[in-house]
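S.K.: As input, take structure-v8.cif (mmCIF, N, CA and C atoms and all ligand atoms):
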```cif
data_upload
#
loop_
_atom_site.label_atom_id
_atom_site.label_comp_id
_atom_site.auth_asym_id
_atom_site.auth_seq_id
_atom_site.Cartn_x
_atom_site.Cartn_y
_atom_site.Cartn_z
N MET O 1 -3.32 13.23 22.85
CA MET O 1 -3.25 13.46 21.39
C MET O 1 -4.57 13.01 20.76
N SER O 2 -5.08 13.83 19.85
CA SER O 2 -6.36 13.48 19.23
C SER O 2 -6.17 12.29 18.29
N LEU O 3 -7.27 11.65 17.98
CA LEU O 3 -7.22 10.49 17.08
C LEU O 3 -6.67 10.91 15.71
N VAL O 4 -7.19 12.04 15.21
CA VAL O 4 -6.76 12.49 13.89
C VAL O 4 -5.25 12.73 13.89
N ALA O 5 -4.76 13.39 14.95
CA ALA O 5 -3.32 13.66 15.01
C ALA O 5 -2.54 12.35 15.07
N SER O 6 -3.03 11.39 15.86
CA SER O 6 -2.26 10.15 15.97
C SER O 6 -2.33 9.35 14.68
N LEU O 7 -3.46 9.42 13.97
CA LEU O 7 -3.53 8.72 12.69
C LEU O 7 -2.62 9.37 11.67
N SER O 8 -2.59 10.71 11.63
CA SER O 8 -1.75 11.31 10.60
C SER O 8 -0.29 11.09 10.97
N ARG O 9 0.01 11.01 12.28
CA ARG O 9 1.39 10.67 12.65
C ARG O 9 1.74 9.27 12.18
N LEU O 10 0.81 8.36 12.33
CA LEU O 10 1.05 6.98 11.88
C LEU O 10 1.34 6.98 10.39
N HIS O 11 0.55 7.77 9.67
CA HIS O 11 0.73 7.86 8.23
C HIS O 11 2.14 8.31 7.89
N VAL O 12 2.60 9.35 8.59
CA VAL O 12 3.95 9.87 8.33
C VAL O 12 4.97 8.79 8.60
N VAL O 13 4.80 8.05 9.69
CA VAL O 13 5.75 6.99 10.01
C VAL O 13 5.75 5.94 8.92
N VAL O 14 4.55 5.55 8.47
CA VAL O 14 4.47 4.51 7.44
C VAL O 14 5.16 4.98 6.16
N ILE O 15 4.90 6.23 5.77
CA ILE O 15 5.53 6.74 4.55
C ILE O 15 7.05 6.78 4.75
N ALA O 16 7.48 7.23 5.91
CA ALA O 16 8.92 7.31 6.16
C ALA O 16 9.55 5.92 6.06
N VAL O 17 8.86 4.92 6.58
CA VAL O 17 9.40 3.56 6.51
C VAL O 17 9.47 3.09 5.07
N TRP O 18 8.39 3.38 4.29
CA TRP O 18 8.42 2.98 2.88
C TRP O 18 9.58 3.62 2.16
N LEU O 19 9.72 4.94 2.38
CA LEU O 19 10.80 5.66 1.69
C LEU O 19 12.14 5.06 2.09
N SER O 20 12.31 4.81 3.38
CA SER O 20 13.63 4.32 3.81
C SER O 20 13.87 2.90 3.28
N LEU O 21 12.80 2.13 3.12
CA LEU O 21 12.99 0.79 2.57
C LEU O 21 13.42 0.87 1.11
N ASP O 22 12.78 1.78 0.35
CA ASP O 22 13.12 1.89 -1.06
C ASP O 22 14.54 2.38 -1.27
N SER O 23 14.85 3.54 -0.64
CA SER O 23 16.20 4.08 -0.84
C SER O 23 17.20 3.19 -0.10
N GLY O 24 16.69 2.48 0.93
CA GLY O 24 17.58 1.67 1.75
C GLY O 24 18.26 0.55 1.00
N ARG O 25 17.54 -0.03 0.03
CA ARG O 25 18.11 -1.18 -0.67
C ARG O 25 19.41 -0.81 -1.37
N ALA O 26 19.36 0.30 -2.10
CA ALA O 26 20.56 0.74 -2.83
C ALA O 26 21.66 1.10 -1.83
N ALA O 27 21.26 1.84 -0.76
CA ALA O 27 22.25 2.29 0.22
C ALA O 27 22.87 1.08 0.93
N ASP O 28 22.05 0.09 1.26
CA ASP O 28 22.56 -1.09 1.95
C ASP O 28 23.59 -1.83 1.10
N ALA O 29 23.32 -1.88 -0.20
CA ALA O 29 24.25 -2.57 -1.07
C ALA O 29 25.61 -1.88 -1.08
N ALA O 30 25.56 -0.54 -1.05
CA ALA O 30 26.81 0.22 -1.08
C ALA O 30 27.51 0.16 0.28
N ALA O 31 26.75 0.30 1.37
CA ALA O 31 27.34 0.34 2.71
C ALA O 31 26.47 -0.49 3.65
N PRO O 32 26.74 -1.76 3.73
CA PRO O 32 25.84 -2.69 4.42
C PRO O 32 25.55 -2.33 5.89
N ASP O 33 26.47 -1.64 6.56
CA ASP O 33 26.26 -1.39 7.99
C ASP O 33 25.57 -0.05 8.28
N ALA O 34 25.54 0.85 7.29
CA ALA O 34 25.05 2.21 7.56
C ALA O 34 23.54 2.21 7.81
N GLY O 35 23.14 2.34 9.07
CA GLY O 35 21.72 2.49 9.39
C GLY O 35 20.88 1.25 9.17
N GLY O 36 21.50 0.15 8.82
CA GLY O 36 20.75 -1.06 8.49
C GLY O 36 19.86 -1.53 9.62
N ALA O 37 20.37 -1.53 10.84
CA ALA O 37 19.61 -2.07 11.97
C ALA O 37 18.33 -1.27 12.18
N THR O 38 18.41 0.07 12.12
CA THR O 38 17.22 0.89 12.35
C THR O 38 16.16 0.59 11.30
N LYS O 39 16.58 0.44 10.06
CA LYS O 39 15.62 0.17 8.99
C LYS O 39 14.95 -1.18 9.21
N VAL O 40 15.75 -2.16 9.59
CA VAL O 40 15.18 -3.49 9.81
C VAL O 40 14.18 -3.42 10.97
N GLU O 41 14.55 -2.70 12.06
CA GLU O 41 13.62 -2.60 13.19
C GLU O 41 12.32 -1.93 12.76
N ALA O 42 12.43 -0.87 11.96
CA ALA O 42 11.22 -0.15 11.52
C ALA O 42 10.36 -1.08 10.67
N LYS O 43 10.99 -1.86 9.82
CA LYS O 43 10.22 -2.75 8.95
C LYS O 43 9.55 -3.84 9.78
N VAL O 44 10.27 -4.36 10.77
CA VAL O 44 9.69 -5.40 11.61
C VAL O 44 8.48 -4.85 12.37
N ALA O 45 8.60 -3.60 12.88
CA ALA O 45 7.48 -3.00 13.61
C ALA O 45 6.28 -2.84 12.68
N LEU O 46 6.51 -2.40 11.46
CA LEU O 46 5.42 -2.22 10.50
C LEU O 46 4.80 -3.57 10.15
N ASP O 47 5.65 -4.55 9.90
CA ASP O 47 5.14 -5.88 9.56
C ASP O 47 4.31 -6.45 10.70
N ALA O 48 4.75 -6.23 11.95
CA ALA O 48 4.02 -6.77 13.10
C ALA O 48 2.63 -6.15 13.16
N LYS O 49 2.54 -4.85 12.89
CA LYS O 49 1.26 -4.16 12.92
C LYS O 49 0.36 -4.69 11.79
N ALA O 50 0.93 -4.78 10.60
CA ALA O 50 0.13 -5.25 9.46
C ALA O 50 -0.29 -6.71 9.67
N SER O 51 0.56 -7.53 10.29
CA SER O 51 0.15 -8.93 10.44
C SER O 51 -0.87 -9.08 11.57
N GLN O 52 -0.82 -8.20 12.57
CA GLN O 52 -1.91 -8.16 13.56
C GLN O 52 -3.22 -7.78 12.83
N GLY O 53 -3.10 -6.80 11.93
CA GLY O 53 -4.26 -6.36 11.14
C GLY O 53 -4.79 -7.48 10.28
N TYR O 54 -3.87 -8.26 9.70
CA TYR O 54 -4.31 -9.38 8.86
C TYR O 54 -5.11 -10.39 9.68
N ARG O 55 -4.64 -10.68 10.91
CA ARG O 55 -5.38 -11.64 11.75
C ARG O 55 -6.79 -11.12 12.06
N LEU O 56 -6.88 -9.82 12.40
CA LEU O 56 -8.19 -9.24 12.67
C LEU O 56 -9.07 -9.30 11.42
N PHE O 57 -8.47 -9.02 10.28
CA PHE O 57 -9.21 -9.06 9.01
C PHE O 57 -9.75 -10.46 8.75
N ASP O 58 -8.86 -11.43 8.91
CA ASP O 58 -9.23 -12.81 8.63
C ASP O 58 -10.43 -13.25 9.47
N ASN O 59 -10.46 -12.81 10.75
CA ASN O 59 -11.53 -13.22 11.66
C ASN O 59 -12.81 -12.40 11.53
N ASN O 60 -12.71 -11.17 11.05
CA ASN O 60 -13.87 -10.27 11.12
C ASN O 60 -14.36 -9.74 9.79
N CYS O 61 -13.54 -9.74 8.79
CA CYS O 61 -13.87 -9.05 7.54
C CYS O 61 -13.87 -9.98 6.34
N ALA O 62 -13.08 -11.06 6.42
CA ALA O 62 -12.83 -11.89 5.23
C ALA O 62 -14.11 -12.56 4.72
N HIS O 63 -15.07 -12.87 5.61
CA HIS O 63 -16.27 -13.54 5.11
C HIS O 63 -17.07 -12.63 4.19
N CYS O 64 -16.88 -11.32 4.27
CA CYS O 64 -17.54 -10.41 3.32
C CYS O 64 -16.61 -9.92 2.22
N HIS O 65 -15.36 -9.61 2.60
CA HIS O 65 -14.45 -8.99 1.62
C HIS O 65 -13.54 -10.02 0.93
N GLY O 66 -13.66 -11.29 1.31
CA GLY O 66 -12.83 -12.34 0.69
C GLY O 66 -11.57 -12.58 1.50
N ASP O 67 -11.10 -13.83 1.52
CA ASP O 67 -9.89 -14.18 2.28
C ASP O 67 -8.70 -13.35 1.83
N ASP O 68 -8.64 -13.04 0.54
CA ASP O 68 -7.53 -12.26 -0.01
C ASP O 68 -7.93 -10.80 -0.20
N ALA O 69 -9.06 -10.40 0.38
CA ALA O 69 -9.57 -9.02 0.28
C ALA O 69 -9.85 -8.61 -1.17
N ARG O 70 -10.05 -9.62 -2.04
CA ARG O 70 -10.35 -9.31 -3.44
C ARG O 70 -11.85 -9.10 -3.67
N GLY O 71 -12.62 -9.17 -2.57
CA GLY O 71 -14.03 -8.89 -2.69
C GLY O 71 -14.87 -10.15 -2.79
N ASP O 72 -16.07 -10.06 -2.19
CA ASP O 72 -17.04 -11.15 -2.22
C ASP O 72 -18.38 -10.43 -2.11
N GLU O 73 -19.04 -10.52 -0.94
CA GLU O 73 -20.24 -9.71 -0.72
C GLU O 73 -19.86 -8.22 -0.63
N GLY O 74 -18.73 -7.95 0.03
CA GLY O 74 -18.20 -6.59 0.11
C GLY O 74 -17.16 -6.38 -1.00
N PRO O 75 -16.77 -5.12 -1.24
CA PRO O 75 -15.87 -4.82 -2.36
C PRO O 75 -14.42 -5.24 -2.13
N ASP O 76 -13.68 -5.35 -3.23
CA ASP O 76 -12.23 -5.51 -3.23
C ASP O 76 -11.61 -4.33 -2.46
N LEU O 77 -10.68 -4.62 -1.56
CA LEU O 77 -10.09 -3.55 -0.75
C LEU O 77 -8.65 -3.24 -1.18
N HIS O 78 -8.25 -3.69 -2.36
CA HIS O 78 -6.91 -3.34 -2.86
C HIS O 78 -6.88 -1.92 -3.39
N GLY O 79 -5.78 -1.26 -3.16
CA GLY O 79 -5.56 0.08 -3.72
C GLY O 79 -6.59 1.11 -3.30
N LEU O 80 -7.04 1.06 -2.01
CA LEU O 80 -8.03 2.02 -1.53
C LEU O 80 -7.53 3.45 -1.68
N LYS O 81 -8.39 4.33 -2.20
CA LYS O 81 -8.00 5.73 -2.37
C LYS O 81 -8.39 6.57 -1.16
N LYS O 82 -9.23 6.02 -0.29
CA LYS O 82 -9.70 6.79 0.87
C LYS O 82 -8.57 7.06 1.85
N SER O 83 -8.70 8.18 2.59
CA SER O 83 -7.70 8.52 3.62
C SER O 83 -7.82 7.57 4.81
N ASP O 84 -6.77 7.53 5.62
CA ASP O 84 -6.81 6.73 6.84
C ASP O 84 -8.00 7.12 7.72
N GLN O 85 -8.26 8.44 7.81
CA GLN O 85 -9.38 8.91 8.64
C GLN O 85 -10.71 8.35 8.14
N ARG O 86 -10.91 8.35 6.82
CA ARG O 86 -12.17 7.84 6.27
C ARG O 86 -12.30 6.34 6.55
N ILE O 87 -11.21 5.60 6.37
CA ILE O 87 -11.26 4.16 6.60
C ILE O 87 -11.51 3.87 8.08
N ASP O 88 -10.85 4.64 8.94
CA ASP O 88 -11.04 4.52 10.39
C ASP O 88 -12.53 4.67 10.73
N LYS O 89 -13.16 5.67 10.13
CA LYS O 89 -14.57 5.95 10.39
C LYS O 89 -15.46 4.81 9.85
N ILE O 90 -15.14 4.32 8.66
CA ILE O 90 -15.93 3.22 8.08
C ILE O 90 -15.86 1.99 9.00
N ILE O 91 -14.65 1.67 9.46
CA ILE O 91 -14.50 0.48 10.31
C ILE O 91 -15.26 0.68 11.62
N LYS O 92 -15.12 1.86 12.24
CA LYS O 92 -15.76 2.07 13.54
C LYS O 92 -17.28 2.22 13.44
N GLU O 93 -17.74 2.92 12.39
CA GLU O 93 -19.18 3.23 12.32
C GLU O 93 -19.94 2.32 11.37
N GLY O 94 -19.21 1.58 10.53
CA GLY O 94 -19.87 0.71 9.57
C GLY O 94 -20.53 1.52 8.46
N ILE O 95 -21.26 0.83 7.59
CA ILE O 95 -21.99 1.49 6.50
C ILE O 95 -23.41 0.98 6.60
N LYS O 96 -24.34 1.89 6.85
CA LYS O 96 -25.74 1.53 7.11
C LYS O 96 -26.27 0.53 6.08
N GLY O 97 -26.78 -0.56 6.57
CA GLY O 97 -27.40 -1.55 5.69
C GLY O 97 -26.42 -2.39 4.87
N GLU O 98 -25.11 -2.10 5.01
CA GLU O 98 -24.11 -2.78 4.18
C GLU O 98 -23.05 -3.50 5.00
N MET O 99 -22.52 -2.76 5.98
CA MET O 99 -21.37 -3.29 6.73
C MET O 99 -21.55 -2.95 8.21
N PRO O 100 -21.31 -3.93 9.09
CA PRO O 100 -21.50 -3.67 10.53
C PRO O 100 -20.45 -2.69 11.08
N ALA O 101 -20.78 -2.04 12.20
CA ALA O 101 -19.83 -1.15 12.88
C ALA O 101 -18.96 -2.00 13.81
N PHE O 102 -17.66 -1.68 13.86
CA PHE O 102 -16.73 -2.42 14.72
C PHE O 102 -16.19 -1.56 15.85
N GLY O 103 -16.77 -0.36 16.03
CA GLY O 103 -16.27 0.58 17.03
C GLY O 103 -16.29 0.05 18.45
N LYS O 104 -17.23 -0.84 18.76
CA LYS O 104 -17.29 -1.37 20.12
C LYS O 104 -16.34 -2.55 20.28
N LYS O 105 -16.07 -3.24 19.20
CA LYS O 105 -15.25 -4.45 19.26
C LYS O 105 -13.76 -4.14 19.26
N PHE O 106 -13.36 -3.13 18.48
CA PHE O 106 -11.93 -2.83 18.28
C PHE O 106 -11.52 -1.55 18.99
N ASN O 107 -10.31 -1.53 19.55
CA ASN O 107 -9.75 -0.29 20.07
C ASN O 107 -8.97 0.40 18.93
N ASP O 108 -8.46 1.61 19.23
CA ASP O 108 -7.76 2.38 18.18
C ASP O 108 -6.57 1.62 17.60
N GLY O 109 -5.86 0.87 18.48
CA GLY O 109 -4.70 0.11 18.00
C GLY O 109 -5.13 -0.97 17.01
N ASP O 110 -6.27 -1.61 17.28
CA ASP O 110 -6.78 -2.64 16.37
C ASP O 110 -7.10 -2.02 15.01
N VAL O 111 -7.79 -0.86 15.06
CA VAL O 111 -8.20 -0.22 13.80
C VAL O 111 -6.96 0.22 13.02
N GLN O 112 -5.96 0.76 13.73
CA GLN O 112 -4.73 1.18 13.04
C GLN O 112 -4.01 -0.03 12.44
N ALA O 113 -4.07 -1.17 13.13
CA ALA O 113 -3.44 -2.38 12.59
C ALA O 113 -4.19 -2.83 11.33
N LEU O 114 -5.52 -2.75 11.37
CA LEU O 114 -6.30 -3.11 10.17
C LEU O 114 -5.94 -2.19 9.00
N ILE O 115 -5.82 -0.90 9.27
CA ILE O 115 -5.47 0.04 8.20
C ILE O 115 -4.06 -0.27 7.68
N ALA O 116 -3.13 -0.59 8.60
CA ALA O 116 -1.77 -0.95 8.16
C ALA O 116 -1.82 -2.15 7.22
N TYR O 117 -2.68 -3.13 7.56
CA TYR O 117 -2.82 -4.29 6.67
C TYR O 117 -3.42 -3.87 5.33
N LEU O 118 -4.51 -3.07 5.37
CA LEU O 118 -5.15 -2.66 4.11
C LEU O 118 -4.17 -1.91 3.21
N ARG O 119 -3.24 -1.15 3.83
CA ARG O 119 -2.27 -0.38 3.03
C ARG O 119 -1.22 -1.28 2.37
N THR O 120 -1.13 -2.54 2.80
CA THR O 120 -0.20 -3.45 2.11
C THR O 120 -0.84 -4.00 0.83
N LEU O 121 -2.16 -3.77 0.65
CA LEU O 121 -2.86 -4.34 -0.50
C LEU O 121 -2.78 -3.38 -1.67
N LYS O 122 -1.77 -3.57 -2.50
CA LYS O 122 -1.63 -2.71 -3.70
C LYS O 122 -2.55 -3.24 -4.78
N GLU O 123 -2.84 -2.39 -5.75
CA GLU O 123 -3.73 -2.76 -6.88
C GLU O 123 -3.42 -4.15 -7.44
C1 LIG O 201 -21.39 -8.07 6.47
C2 LIG O 201 -20.35 -7.92 5.47
C3 LIG O 201 -19.16 -7.03 5.80
C4 LIG O 201 -18.26 -7.17 6.82
C5 LIG O 201 -18.25 -8.18 7.97
C6 LIG O 201 -17.26 -6.14 6.62
N1 LIG O 201 -17.57 -5.39 5.52
FE1 LIG O 201 -16.51 -3.80 4.80
N2 LIG O 201 -17.95 -3.46 3.42
C7 LIG O 201 -19.02 -4.29 3.17
C8 LIG O 201 -19.79 -3.75 2.04
C9 LIG O 201 -21.04 -4.38 1.43
C10 LIG O 201 -19.13 -2.56 1.65
C11 LIG O 201 -19.51 -1.61 0.50
C12 LIG O 201 -20.64 -0.70 0.96
C13 LIG O 201 -20.93 0.38 -0.07
O1 LIG O 201 -20.17 0.57 -1.01
O2 LIG O 201 -21.93 1.05 0.13
C14 LIG O 201 -17.96 -2.42 2.53
C15 LIG O 201 -17.04 -1.39 2.43
C16 LIG O 201 -15.85 -1.35 3.12
C17 LIG O 201 -14.82 -0.34 2.93
C18 LIG O 201 -14.87 0.82 1.95
C19 LIG O 201 -14.33 0.32 0.63
C20 LIG O 201 -14.29 1.39 -0.44
O3 LIG O 201 -13.79 1.10 -1.54
O4 LIG O 201 -14.76 2.49 -0.20
C21 LIG O 201 -13.79 -0.67 3.78
C22 LIG O 201 -12.48 0.09 3.94
C23 LIG O 201 -14.19 -1.85 4.50
N3 LIG O 201 -15.45 -2.23 4.08
C24 LIG O 201 -13.41 -2.49 5.43
C25 LIG O 201 -13.86 -3.52 6.24
C26 LIG O 201 -13.10 -4.07 7.33
C27 LIG O 201 -11.69 -3.63 7.73
C28 LIG O 201 -13.87 -5.02 7.91
C29 LIG O 201 -13.58 -5.87 9.13
C30 LIG O 201 -13.24 -5.15 10.34
C31 LIG O 201 -15.11 -5.09 7.16
N4 LIG O 201 -15.06 -4.16 6.15
C32 LIG O 201 -16.16 -5.97 7.43
C33 LIG O 201 -19.37 -5.44 3.86
C34 LIG O 201 -18.72 -5.91 4.98
#
```
Could you take the file, read its structure, and then write that structure out as structure tokens?
Ligand code: HEC

M.R.:
Amino acid sequence: MSLVASLSRLHVVVIAVWLSLDSGRAADAAAPDAGGATKVEAKVALDAKASQGYRLFDNNCAHCHGDDARGDEGPDLHGLKKSDQRIDKIIKEGIKGEMPAFGKKFNDGDVQALIAYLRTLKE
């Protein structure tokens, strides 16, 4: 599977999890057992990915983007409008003269975890 295909699949999964979490709250209140376990598993999987991303961020990005990603030498990363593909490319290739490339340091799973973390940063 190509990188682009796997990233857009990840995107679909993330959106599906968000949707199920939102509609899930009301549904869970009405019928506590209906599908609850699957939703919890999906949320745990997403959280695990985002928290792996947070650890990578803390060790590799926070000294420029701030511990809370609110920006320092590098910009605030909350509410990014760029697509997953663009962010993937920025992380792997860096930005000439501004930000180092991490393509040799991180594998695709690491980069996807970082993106999962960045997507938790709302405005
Ligand atoms: C040496 C400092 C430095 C480090 C380390 C660094 N960045 Fe950056 N980053 C920057 C700067 C500066 C920019 C803005 C460059 C510009 O706008 O031209 C930037 C831009 C970005 C952008 C684009 C933001 C936007 O609004 O378009 C993303 C996403 C990003 N960095 C993520 C990361 C991640 C993830 C890491 C860690 C793996 C990281 N950066 C590590 C300095 C850094």

S.K.: So what do you get for atom N of O:Ile115 versus atom N of O:Gly53, distance-wise?

M.R.: 7.0 Å

S.K.: With only N, CA and C atoms and all ligand atoms counted, collect every polymer residue having an atom within 6.5 Å of ligand LIG 201 (chain O); state the result as a PyMOL selection string.

M.R.: chain O and resi 56-57+60-65+73-77+80-81+87+90-91+95+98-100+102+114

S.K.: Take atom CA of O:Asp47 and atom CA of O:Gly103 and report the distance between them in Å, one decimal.

M.R.: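 Value for the atom CA of O:Asp47-atom CA of O:Gly103 distance: 23.6 Å.
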
S.K.: Nearest to O:Ala45: which of O:Val111, O:Ala69, O:Ala101, O:Ala116 is it, counting only C-alpha atoms?

M.R.: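 Going through O:Val111, O:Ala69, O:Ala101, O:Ala116 one by one, the smallest distance to O:Ala45 is for O:Ala116.
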
S.K.: Would you mind listing what lies within 9 Å of O:Ala113 as a PyMOL selection string, with only C-alpha atoms counted and same-chain residues fewer than 4 positions away left out?

M.R.: chain O and resi 48-54+56+108-109+117-118

S.K.: From a backbone DSSP assignment, name each residue in stretch 60-121 of chain O labelled helix (DSSP H, G or I), as a list in words.

M.R.: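 DSSP on the backbone gives helix (DSSP H, G or I) at Asn60, Ala62, His63, Cys64, His65, Asp84, Gln85, Arg86, Ile87, Asp88, Lys89, Ile90, Ile91, Lys92, Glu93, Asp108, Gly109, Asp110, Val111, Gln112, Ala113, Leu114, Ile115, Ala116, Tyr117 and Leu118 of chain O.
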
S.K.: Generate a file of the selected residues that holds N, CA and C atoms, formatted as a short mmCIF file (atom, residue, chain, number, x, y, z; two decimals), in the frame of the given file.

M.R.:
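Final file, part_30.cif:
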```
data_model
loop_
_atom_site.label_atom_id
_atom_site.label_comp_id
_atom_site.auth_asym_id
_atom_site.auth_seq_id
_atom_site.Cartn_x
_atom_site.Cartn_y
_atom_site.Cartn_z
N ASN O 60 -12.71 -11.17 11.05
CA ASN O 60 -13.87 -10.27 11.12
C ASN O 60 -14.36 -9.74 9.79
N ALA O 62 -13.08 -11.06 6.42
CA ALA O 62 -12.83 -11.89 5.23
C ALA O 62 -14.11 -12.56 4.72
N HIS O 63 -15.07 -12.87 5.61
CA HIS O 63 -16.27 -13.54 5.11
C HIS O 63 -17.07 -12.63 4.19
N CYS O 64 -16.88 -11.32 4.27
CA CYS O 64 -17.54 -10.41 3.32
C CYS O 64 -16.61 -9.92 2.22
N HIS O 65 -15.36 -9.61 2.60
CA HIS O 65 -14.45 -8.99 1.62
C HIS O 65 -13.54 -10.02 0.93
N ASP O 84 -6.77 7.53 5.62
CA ASP O 84 -6.81 6.73 6.84
C ASP O 84 -8.00 7.12 7.72
N GLN O 85 -8.26 8.44 7.81
CA GLN O 85 -9.38 8.91 8.64
C GLN O 85 -10.71 8.35 8.14
N ARG O 86 -10.91 8.35 6.82
CA ARG O 86 -12.17 7.84 6.27
C ARG O 86 -12.30 6.34 6.55
N ILE O 87 -11.21 5.60 6.37
CA ILE O 87 -11.26 4.16 6.60
C ILE O 87 -11.51 3.87 8.08
N ASP O 88 -10.85 4.64 8.94
CA ASP O 88 -11.04 4.52 10.39
C ASP O 88 -12.53 4.67 10.73
N LYS O 89 -13.16 5.67 10.13
CA LYS O 89 -14.57 5.95 10.39
C LYS O 89 -15.46 4.81 9.85
N ILE O 90 -15.14 4.32 8.66
CA ILE O 90 -15.93 3.22 8.08
C ILE O 90 -15.86 1.99 9.00
N ILE O 91 -14.65 1.67 9.46
CA ILE O 91 -14.50 0.48 10.31
C ILE O 91 -15.26 0.68 11.62
N LYS O 92 -15.12 1.86 12.24
CA LYS O 92 -15.76 2.07 13.54
C LYS O 92 -17.28 2.22 13.44
N GLU O 93 -17.74 2.92 12.39
CA GLU O 93 -19.18 3.23 12.32
C GLU O 93 -19.94 2.32 11.37
N ASP O 108 -8.46 1.61 19.23
CA ASP O 108 -7.76 2.38 18.18
C ASP O 108 -6.57 1.62 17.60
N GLY O 109 -5.86 0.87 18.48
CA GLY O 109 -4.70 0.11 18.00
C GLY O 109 -5.13 -0.97 17.01
N ASP O 110 -6.27 -1.61 17.28
CA ASP O 110 -6.78 -2.64 16.37
C ASP O 110 -7.10 -2.02 15.01
N VAL O 111 -7.79 -0.86 15.06
CA VAL O 111 -8.20 -0.22 13.80
C VAL O 111 -6.96 0.22 13.02
N GLN O 112 -5.96 0.76 13.73
CA GLN O 112 -4.73 1.18 13.04
C GLN O 112 -4.01 -0.03 12.44
N ALA O 113 -4.07 -1.17 13.13
CA ALA O 113 -3.44 -2.38 12.59
C ALA O 113 -4.19 -2.83 11.33
N LEU O 114 -5.52 -2.75 11.37
CA LEU O 114 -6.30 -3.11 10.17
C LEU O 114 -5.94 -2.19 9.00
N ILE O 115 -5.82 -0.90 9.27
CA ILE O 115 -5.47 0.04 8.20
C ILE O 115 -4.06 -0.27 7.68
N ALA O 116 -3.13 -0.59 8.60
CA ALA O 116 -1.77 -0.95 8.16
C ALA O 116 -1.82 -2.15 7.22
N TYR O 117 -2.68 -3.13 7.56
CA TYR O 117 -2.82 -4.29 6.67
C TYR O 117 -3.42 -3.87 5.33
N LEU O 118 -4.51 -3.07 5.37
CA LEU O 118 -5.15 -2.66 4.11
C LEU O 118 -4.17 -1.91 3.21
#
```

S.K.: Looking at O:Asp72, O:Arg55, O:Lys82, O:Asp88, which one is nearest to O:Gln112, with distances taken over all atoms listed in the file?

M.R.: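 Of O:Asp72, O:Arg55, O:Lys82, O:Asp88, the one nearest O:Gln112, counting all atoms listed in the file, is O:Asp88.
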